[in-house]
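J.: To start, I am sharing the structure in question, which I have written as structure tokens.
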Amino acid sequence: MVDAARGADRGRPVLWAGLEATVSRAGDLHLDQLALSGCAARSGDMDRLADLGIRGVRLPVLWERTAPHRPPDWAWSDHALARLEARGVDAIVGLVHHGGGPAPIHLLDPAFVSGLVSFARSVAERYPQVQAYTPVNEPLTTARFSALYGVWHPHARDPRSWWTALKHQLMATVLSMDAIREVQPAAQLVQTEDLGRVFSTPALQDQAAFENERRWLSFDLLLGRVDDRHPMYRYLLSVGATEEDLRWFVERPCPPDLLGLNVYVTSERFLDEHLDRYPERTHGGNHRQRYADVEAVRVMGARHGGPGARLIEAHERYGLPMAITEVQLHCTREEQMRWLHGAWQGAVAAHAAGADVRAVTVWAAYGAFEWHSLLTRRDGHYESGLFDIRGACPRPTAMARLAQALAHGTPVPVLARGVGWWARPERLLYTPAGPVEGEEPTGPPLLVLGRGPLTGPLRRACDVRGLRHTHLPRWTPQSLAQAVRPERPWAAALCTSAVSIRAARQVAALCAVLKIPLLVFSSPLVFAGTPGHTWTETDTPVPSTRRGQQLLRVERLTQQLCPDTLIVRAGPTPEAVMTSRQSDDAVMVTPVRREDLIRCALDVLVDGETGVWHLAEDTVMLPFTDDGERGAWSFSLGTVRGQLLGNPYGNLPHLRDPAEVALV
């Protein structure tokens with residue numbers, strides 16, 4: 001078995017990482033995740049993962065990218081595998097990831113099978129040192145979205161096509177492993193699948209039972225278990241499978257050496273026949289009943305499981321070695337950390353209960369694009385992972401610090417131990433099914449100081465994100481000391497728009513003593529208003545107004561007294577732009593929504609960043625002046641750090657309209 005076995009022998013799983021690598025086709029839209037994230041062009045990505053203590057990497061050597069034409073291009077995989085081998089990190093090589101092979105091949109084409117088998121043999125011959133393979137990632141999930149729901153190519157929408165797509169992927173898996181083992185007899189199959197459970201009202205128990213049995217099909221077919229006694233046998237015959245098809249898998253079992261379970265917070269579903277309780281977009285049904293299909297976490301009053309529970313289920317059904325092969329949440333930074341930490345705790349608990357859990361995989365190490373729309377649009381929507389790739393080079397986020405702690409068995413960051421939104425009462429968007437269970441936010445508070453225009457939005461954001469906070473509108477040295485006496489805050493935020501030098505000195509000195517970071521909000525007024533100029537963090541401030549001079553003094557004083565100071569500069573709000581006195585001259589401004597500013601500033605603060613950061617939206621040209629200080633805003637803010645605003649999160653518990661929640 002791959003290196004994960006040694007982690008299990010020590011009494012706990014080891015940490016893996018994965019690269020989001022889907023090469024998708026949706027209509028005329030083709031998306032290549034490795035190209036979008038820059039992984040295909042960077043040389044240091046594998047070393048960055050190894051530096052964190054990652055023991056295994058799910059590495060995509062994809063058929064579509066490597067061999068769309070002859071001869072194959074091995075340059076990227078040559079380098080990546082060489083670096084992993086040099087660093088002592090295992091590679092779990094994937095060949096197809098939610099794809100259908102190079103065009104014009106697709107999942108309903110029998111050529112998919114022969115083509116993937118040929119490619120698998122060439123990969124094994126090129127890399128005989130590789131011992132773990134995932135020929136096809138999540139075959140059942142891919143078959144559903146490509147051939148039952150019509151989301152991805154070839155956009156079929158019927159059960160017969162679904163079975164054909166599933167059959168081709170699993171036949172290709174069996175025969176690919178045969179081809180690989182002709183070269184590397186010790187090669188292991190790491191088979192992944194989404195294993196989200198379905199819950200329901202009593203009236204829909206049969207439908208839920210059907211879907212909960214169907215989710216095991218990839219594993220059951222590979223294990224040769226789908227014979228005439230299997231619960232899905234007659235259903236498969238009814239949707240186009242032949243007895244010969246099913247006998248093929250029984251006679252050619254290819255048992256996975258390791259089951260890879262992927263469990264997402266929104267892949268756990270709830271079915272309810274009361275359609276009036278849910279938005280129309282959630283309505284669906286079978287040939288007998290109409291029902292809504294929604295995220296279980298949004299409606300079930302009781303806790304319903306998660307990764308740990310799914311591991312126990314799989315252990316009881318198969319008793320095979322397992323790993324959680326994707327742990328990912330697109331949300332605020334501390335919620336990402338809480339989800340990973342919770343998955344890790346679930347894996348450790350399942351291992352202690354007797355399940356052979358080998359690893360937990362941090363997914364989308366360098367982020368992912370466009371999954372908010374299931375890869376059906378190109379909006380530039382990015383979600384970061386261990387690293388944020390929007391700057392000149394990948395920037396480690398707080399997730400990287402958490403991963404490093406998990407990998408080495410050291411204490412995890414304090415915010416990772418908080419209560420995630422999926423466990424708090426406000427997770428519920430619909431009429432609760434059953435008594436409501438929930439936990440309140442825990443952990444040290446954020447000390448919020450001042451009474452400026454950002455104070456209210458910051459406090460509301462903390463409430464939404466499960467971050468406890470203490471607010472001091474005004475303070476003295478005595479009141480500051482009293483505020484931190486009950487429990488030490490994890491950080492402080494200076495929000496007042498007219499802070500005095502004395503007050504700033506008091507706050508910075510306290511943060512230095514407590515050794516906690518300080519967030520200070522500033523503005524572009526620290527620059528002179530040169531028309532048409534874009535100012536970045538590397539430019540030297542030269543304020544031309546009294547307010548700008550005061551802000552710059554506060555910036556420099558707090559950084560001098562507290563090395564862990566984060567200065568966030570941002571332009572005016574759109575409301576401020578629109579309500580300001582109009583002038584005859586058009587000037588450049590960089591407006592920013594307060595909610596976006598607060599959200600991004602908190603993420604960067606949680607990441608442990610310091611120094612000066614510009615957080616900006618796109619620049620616009622508007623007639624504008626600022627309260628008589630002519631020209632103060634007549635320029636735009638830019639950034640060299642790559643952290644731009646305007647990238648909304650999809651998994652927040654406070655959305656006013658349930659229709660706003662994305663089914664991802």
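Scheme for the structure tokens: letters A, B, ... for chains in order shown; per-chain residue numbers from 1; ligand numbers from 1 in order shown.
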Among region 275-404 of chain A, which ones does DSSP place in strand (DSSP E), written as a short mmCIF file (atom, residue, chain, number, x, y, z; two decimals) with all heavy atoms, in the first residue's frame?
T.:
```cif
data_model
loop_
_atom_site.label_atom_id
_atom_site.label_comp_id
_atom_site.auth_asym_id
_atom_site.auth_seq_id
_atom_site.Cartn_x
_atom_site.Cartn_y
_atom_site.Cartn_z
N HIS A 283 -37.48 21.64 -7.35
CA HIS A 283 -38.53 20.65 -7.56
C HIS A 283 -38.11 19.62 -8.61
O HIS A 283 -37.51 19.95 -9.63
CB HIS A 283 -39.82 21.33 -8.01
CG HIS A 283 -40.38 22.27 -6.99
ND1 HIS A 283 -41.52 23.03 -7.21
CD2 HIS A 283 -39.97 22.58 -5.73
CE1 HIS A 283 -41.77 23.76 -6.14
NE2 HIS A 283 -40.84 23.51 -5.23
N GLY A 284 -38.45 18.40 -8.35
CA GLY A 284 -38.17 17.30 -9.27
C GLY A 284 -39.08 16.14 -8.94
O GLY A 284 -40.18 16.33 -8.41
N GLY A 285 -38.62 14.93 -9.24
CA GLY A 285 -39.44 13.79 -8.90
C GLY A 285 -39.07 12.55 -9.68
O GLY A 285 -38.13 12.55 -10.48
N ARG A 290 -43.74 13.74 -6.93
CA ARG A 290 -43.04 15.00 -7.08
C ARG A 290 -42.47 15.39 -5.73
O ARG A 290 -43.11 15.21 -4.68
CB ARG A 290 -44.01 16.09 -7.56
CG ARG A 290 -44.53 15.88 -8.97
CD ARG A 290 -43.51 16.33 -10.01
NE ARG A 290 -43.29 17.78 -9.94
CZ ARG A 290 -42.31 18.40 -10.58
NH1 ARG A 290 -41.44 17.72 -11.32
NH2 ARG A 290 -42.19 19.72 -10.48
N TYR A 291 -41.24 15.93 -5.73
CA TYR A 291 -40.63 16.30 -4.46
C TYR A 291 -39.53 17.34 -4.69
O TYR A 291 -39.04 17.52 -5.81
CB TYR A 291 -40.05 15.09 -3.74
CG TYR A 291 -39.14 14.22 -4.57
CD1 TYR A 291 -37.79 14.54 -4.76
CD2 TYR A 291 -39.62 13.05 -5.17
CE1 TYR A 291 -36.96 13.74 -5.51
CE2 TYR A 291 -38.79 12.24 -5.93
CZ TYR A 291 -37.46 12.58 -6.10
OH TYR A 291 -36.63 11.79 -6.85
N ALA A 292 -39.17 18.00 -3.61
CA ALA A 292 -38.04 18.92 -3.63
C ALA A 292 -36.80 18.17 -3.19
O ALA A 292 -36.85 17.31 -2.30
CB ALA A 292 -38.29 20.11 -2.70
N ASP A 293 -35.67 18.51 -3.81
CA ASP A 293 -34.37 17.90 -3.49
C ASP A 293 -33.45 19.04 -3.06
O ASP A 293 -33.03 19.85 -3.87
CB ASP A 293 -33.83 17.19 -4.74
CG ASP A 293 -32.48 16.52 -4.50
OD1 ASP A 293 -31.78 16.88 -3.54
OD2 ASP A 293 -32.11 15.64 -5.30
N VAL A 294 -33.17 19.11 -1.75
CA VAL A 294 -32.40 20.23 -1.20
C VAL A 294 -31.25 19.70 -0.35
O VAL A 294 -31.19 18.51 -0.02
CB VAL A 294 -33.29 21.16 -0.34
CG1 VAL A 294 -34.40 21.76 -1.18
CG2 VAL A 294 -33.88 20.41 0.86
N GLU A 295 -30.34 20.61 0.02
CA GLU A 295 -29.23 20.23 0.89
C GLU A 295 -29.78 19.85 2.26
O GLU A 295 -30.53 20.61 2.87
CB GLU A 295 -28.24 21.38 1.05
CG GLU A 295 -27.67 21.92 -0.25
CD GLU A 295 -28.39 23.17 -0.72
OE1 GLU A 295 -29.63 23.23 -0.52
OE2 GLU A 295 -27.73 24.06 -1.26
N MET A 322 -9.48 2.70 3.50
CA MET A 322 -10.21 3.86 2.98
C MET A 322 -9.38 5.13 3.17
O MET A 322 -8.47 5.18 3.99
CB MET A 322 -11.54 4.03 3.71
CG MET A 322 -12.53 2.90 3.55
SD MET A 322 -14.03 3.22 4.51
CE MET A 322 -13.40 3.18 6.18
N ALA A 323 -9.77 6.15 2.41
CA ALA A 323 -9.25 7.50 2.61
C ALA A 323 -10.36 8.47 2.24
O ALA A 323 -11.22 8.15 1.42
CB ALA A 323 -8.01 7.76 1.75
N ILE A 324 -10.36 9.61 2.89
CA ILE A 324 -11.19 10.71 2.39
C ILE A 324 -10.35 11.38 1.31
O ILE A 324 -9.30 11.96 1.60
CB ILE A 324 -11.55 11.70 3.50
CG1 ILE A 324 -12.31 10.99 4.63
CG2 ILE A 324 -12.40 12.83 2.94
CD1 ILE A 324 -12.68 11.91 5.78
N THR A 325 -10.79 11.30 0.08
CA THR A 325 -9.96 11.74 -1.04
C THR A 325 -10.29 13.14 -1.55
O THR A 325 -9.63 13.62 -2.47
CB THR A 325 -10.03 10.72 -2.18
OG1 THR A 325 -11.37 10.23 -2.32
CG2 THR A 325 -9.11 9.55 -1.91
N GLU A 326 -11.30 13.78 -0.98
CA GLU A 326 -11.53 15.20 -1.26
C GLU A 326 -12.18 15.83 -0.04
O GLU A 326 -13.25 15.40 0.39
CB GLU A 326 -12.44 15.41 -2.49
CG GLU A 326 -11.80 15.02 -3.81
CD GLU A 326 -12.70 15.31 -5.01
OE1 GLU A 326 -13.64 16.13 -4.87
OE2 GLU A 326 -12.47 14.70 -6.07
N VAL A 327 -11.53 16.84 0.52
CA VAL A 327 -12.11 17.66 1.58
C VAL A 327 -12.03 19.10 1.12
O VAL A 327 -10.93 19.66 1.01
CB VAL A 327 -11.38 17.49 2.92
CG1 VAL A 327 -11.99 18.41 3.97
CG2 VAL A 327 -11.43 16.05 3.39
N VAL A 357 -8.69 3.69 8.08
CA VAL A 357 -8.64 4.98 7.40
C VAL A 357 -7.19 5.38 7.24
O VAL A 357 -6.48 5.58 8.23
CB VAL A 357 -9.42 6.06 8.18
CG1 VAL A 357 -9.42 7.37 7.39
CG2 VAL A 357 -10.84 5.60 8.45
N ARG A 358 -6.75 5.53 6.00
CA ARG A 358 -5.34 5.76 5.73
C ARG A 358 -4.97 7.24 5.58
O ARG A 358 -3.86 7.64 5.91
CB ARG A 358 -4.93 5.03 4.45
CG ARG A 358 -5.20 3.52 4.46
CD ARG A 358 -4.34 2.80 5.49
NE ARG A 358 -4.58 1.38 5.53
CZ ARG A 358 -3.96 0.47 4.76
NH1 ARG A 358 -3.07 0.87 3.87
NH2 ARG A 358 -4.25 -0.80 4.88
N ALA A 359 -5.88 8.05 5.02
CA ALA A 359 -5.48 9.43 4.70
C ALA A 359 -6.70 10.33 4.62
O ALA A 359 -7.83 9.88 4.44
CB ALA A 359 -4.70 9.47 3.38
N VAL A 360 -6.44 11.61 4.76
CA VAL A 360 -7.42 12.67 4.51
C VAL A 360 -6.79 13.62 3.49
O VAL A 360 -5.62 14.01 3.64
CB VAL A 360 -7.77 13.43 5.80
CG1 VAL A 360 -8.67 14.62 5.50
CG2 VAL A 360 -8.43 12.49 6.82
N THR A 361 -7.55 13.98 2.47
CA THR A 361 -6.99 14.74 1.34
C THR A 361 -7.56 16.15 1.30
O THR A 361 -8.77 16.35 1.15
CB THR A 361 -7.32 14.04 0.00
OG1 THR A 361 -6.94 12.67 0.09
CG2 THR A 361 -6.60 14.71 -1.15
N VAL A 362 -6.67 17.13 1.43
CA VAL A 362 -7.07 18.53 1.23
C VAL A 362 -7.23 18.74 -0.27
O VAL A 362 -6.28 18.59 -1.03
CB VAL A 362 -6.01 19.50 1.77
CG1 VAL A 362 -6.55 20.93 1.73
CG2 VAL A 362 -5.62 19.14 3.19
N ALA A 368 -9.87 26.37 -7.28
CA ALA A 368 -10.69 25.86 -8.38
C ALA A 368 -11.50 27.00 -8.96
O ALA A 368 -11.78 28.00 -8.30
CB ALA A 368 -11.61 24.75 -7.88
N PHE A 369 -11.89 26.83 -10.22
CA PHE A 369 -12.62 27.86 -10.94
C PHE A 369 -13.99 27.34 -11.39
O PHE A 369 -14.12 26.19 -11.79
CB PHE A 369 -11.84 28.31 -12.18
CG PHE A 369 -10.66 29.20 -11.88
CD1 PHE A 369 -9.45 28.65 -11.49
CD2 PHE A 369 -10.77 30.57 -11.98
CE1 PHE A 369 -8.36 29.46 -11.22
CE2 PHE A 369 -9.69 31.39 -11.71
CZ PHE A 369 -8.48 30.84 -11.32
N TYR A 382 -13.39 32.22 -8.63
CA TYR A 382 -12.27 31.44 -8.09
C TYR A 382 -12.48 31.18 -6.60
O TYR A 382 -12.92 32.06 -5.86
CB TYR A 382 -10.96 32.20 -8.29
CG TYR A 382 -9.76 31.57 -7.60
CD1 TYR A 382 -9.19 30.40 -8.08
CD2 TYR A 382 -9.21 32.17 -6.45
CE1 TYR A 382 -8.10 29.83 -7.46
CE2 TYR A 382 -8.11 31.61 -5.82
CZ TYR A 382 -7.55 30.44 -6.32
OH TYR A 382 -6.47 29.87 -5.70
N GLU A 383 -12.17 29.98 -6.18
CA GLU A 383 -12.18 29.63 -4.76
C GLU A 383 -10.80 29.10 -4.40
O GLU A 383 -10.29 28.19 -5.04
CB GLU A 383 -13.27 28.61 -4.45
CG GLU A 383 -13.27 27.40 -5.37
CD GLU A 383 -14.55 26.60 -5.29
OE1 GLU A 383 -15.49 26.91 -6.05
OE2 GLU A 383 -14.61 25.67 -4.46
N PHE A 387 -3.46 27.32 -1.09
CA PHE A 387 -2.80 28.50 -1.62
C PHE A 387 -3.79 29.33 -2.42
O PHE A 387 -4.75 28.79 -2.99
CB PHE A 387 -1.61 28.10 -2.51
CG PHE A 387 -0.52 27.38 -1.79
CD1 PHE A 387 -0.57 26.00 -1.63
CD2 PHE A 387 0.56 28.06 -1.26
CE1 PHE A 387 0.43 25.31 -0.95
CE2 PHE A 387 1.57 27.39 -0.59
CZ PHE A 387 1.50 26.02 -0.43
N ASP A 388 -3.56 30.63 -2.44
CA ASP A 388 -4.31 31.55 -3.27
C ASP A 388 -3.40 31.96 -4.42
O ASP A 388 -2.30 32.49 -4.19
CB ASP A 388 -4.72 32.78 -2.44
CG ASP A 388 -5.71 33.67 -3.17
OD1 ASP A 388 -5.52 33.90 -4.38
OD2 ASP A 388 -6.65 34.16 -2.53
N ARG A 395 0.14 32.14 -2.76
CA ARG A 395 0.25 32.65 -1.40
C ARG A 395 -0.38 31.65 -0.44
O ARG A 395 -1.54 31.30 -0.58
CB ARG A 395 -0.47 34.00 -1.29
CG ARG A 395 -0.47 34.59 0.11
CD ARG A 395 -1.20 35.92 0.14
NE ARG A 395 -2.62 35.79 -0.10
CZ ARG A 395 -3.53 35.49 0.84
NH1 ARG A 395 -3.14 35.26 2.08
NH2 ARG A 395 -4.80 35.40 0.53
N PRO A 396 0.36 31.14 0.56
CA PRO A 396 -0.23 30.20 1.51
C PRO A 396 -1.32 30.89 2.34
O PRO A 396 -1.13 31.99 2.84
CB PRO A 396 0.95 29.76 2.38
CG PRO A 396 1.98 30.83 2.20
CD PRO A 396 1.79 31.39 0.84
#
```
J.: Residues within 8 Å of Gln345 (chain A), please, as JSON, numbers by chain. Count only C-alpha atoms; anything in the same chain fewer than 4 positions from it doesn't count.
T.: {"A": [308, 341, 349]}
J.: With C-alpha atoms kept, could you save the residues just selected as a PDB file, in the first residue's frame?
T.:
```pdb
ATOM      1  CA  GLY A 308     -16.861  10.551   9.736  1.00  0.00           C
ATOM      2  CA  HIS A 341     -10.518  20.031  10.849  1.00  0.00           C
ATOM      3  CA  ALA A 349     -12.469   8.857  15.258  1.00  0.00           C
TER       4      ALA A 349
END
```
J.: Residues of region 416-527 of chain A in helix (DSSP H, G or I) according to DSSP, as JSON, numbers by chain?
T.: {"A": [416, 417, 421, 422, 423, 425, 426, 427, 455, 456, 457, 458, 459, 460, 461, 462, 463, 464, 465, 477, 478, 479, 480, 481, 482, 483, 484, 501, 502, 503, 504, 505, 506, 507, 508, 509, 510, 511, 512, 513, 514, 524, 525, 526]}
J.: Identify, on the basis of only C-alpha atoms, every residue whose closest approach to Val414 (chain A) does not exceed 9 Å; exclude the query and any residue fewer than 5 positions from it along the same chain; express the result as a PDB file with N, CA, C and O atoms, in the first residue's frame.
T.:
```pdb
ATOM      1  N   GLY A 443     -14.763  29.854  21.011  1.00  0.00           N
ATOM      2  CA  GLY A 443     -13.428  30.346  20.714  1.00  0.00           C
ATOM      3  C   GLY A 443     -13.238  31.781  21.149  1.00  0.00           C
ATOM      4  O   GLY A 443     -14.171  32.473  21.557  1.00  0.00           O
ATOM      5  N   PRO A 444     -12.013  32.274  21.065  1.00  0.00           N
ATOM      6  CA  PRO A 444     -11.706  33.641  21.489  1.00  0.00           C
ATOM      7  C   PRO A 444     -12.362  34.657  20.567  1.00  0.00           C
ATOM      8  O   PRO A 444     -12.640  34.380  19.401  1.00  0.00           O
ATOM      9  N   TRP A 490      -8.256  36.800  19.557  1.00  0.00           N
ATOM     10  CA  TRP A 490      -7.340  36.245  18.555  1.00  0.00           C
ATOM     11  C   TRP A 490      -6.782  37.342  17.647  1.00  0.00           C
ATOM     12  O   TRP A 490      -5.743  37.162  17.015  1.00  0.00           O
TER      13      TRP A 490
END
```
J.: Please provide as a list of chain:residue names all residues within 7 Å of Leu59 (chain A), with the sequence filter that same-chain residues fewer than 4 positions apart are discarded (counting only C-alpha atoms).
T.: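 That gives A:Gly18, A:Leu19, A:Ala91, A:Ile92, A:Val93, A:Gly94.
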J.: Can you work out which one of A:Glu487, A:Asp603, A:Glu595, A:Asp272 has the shortest atom-to-atom distance to Leu447 (chain A), counting only C-alpha atoms?
T.: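 Of A:Glu487, A:Asp603, A:Glu595, A:Asp272, the one nearest Leu447 (chain A) is A:Glu487, counting only C-alpha atoms.
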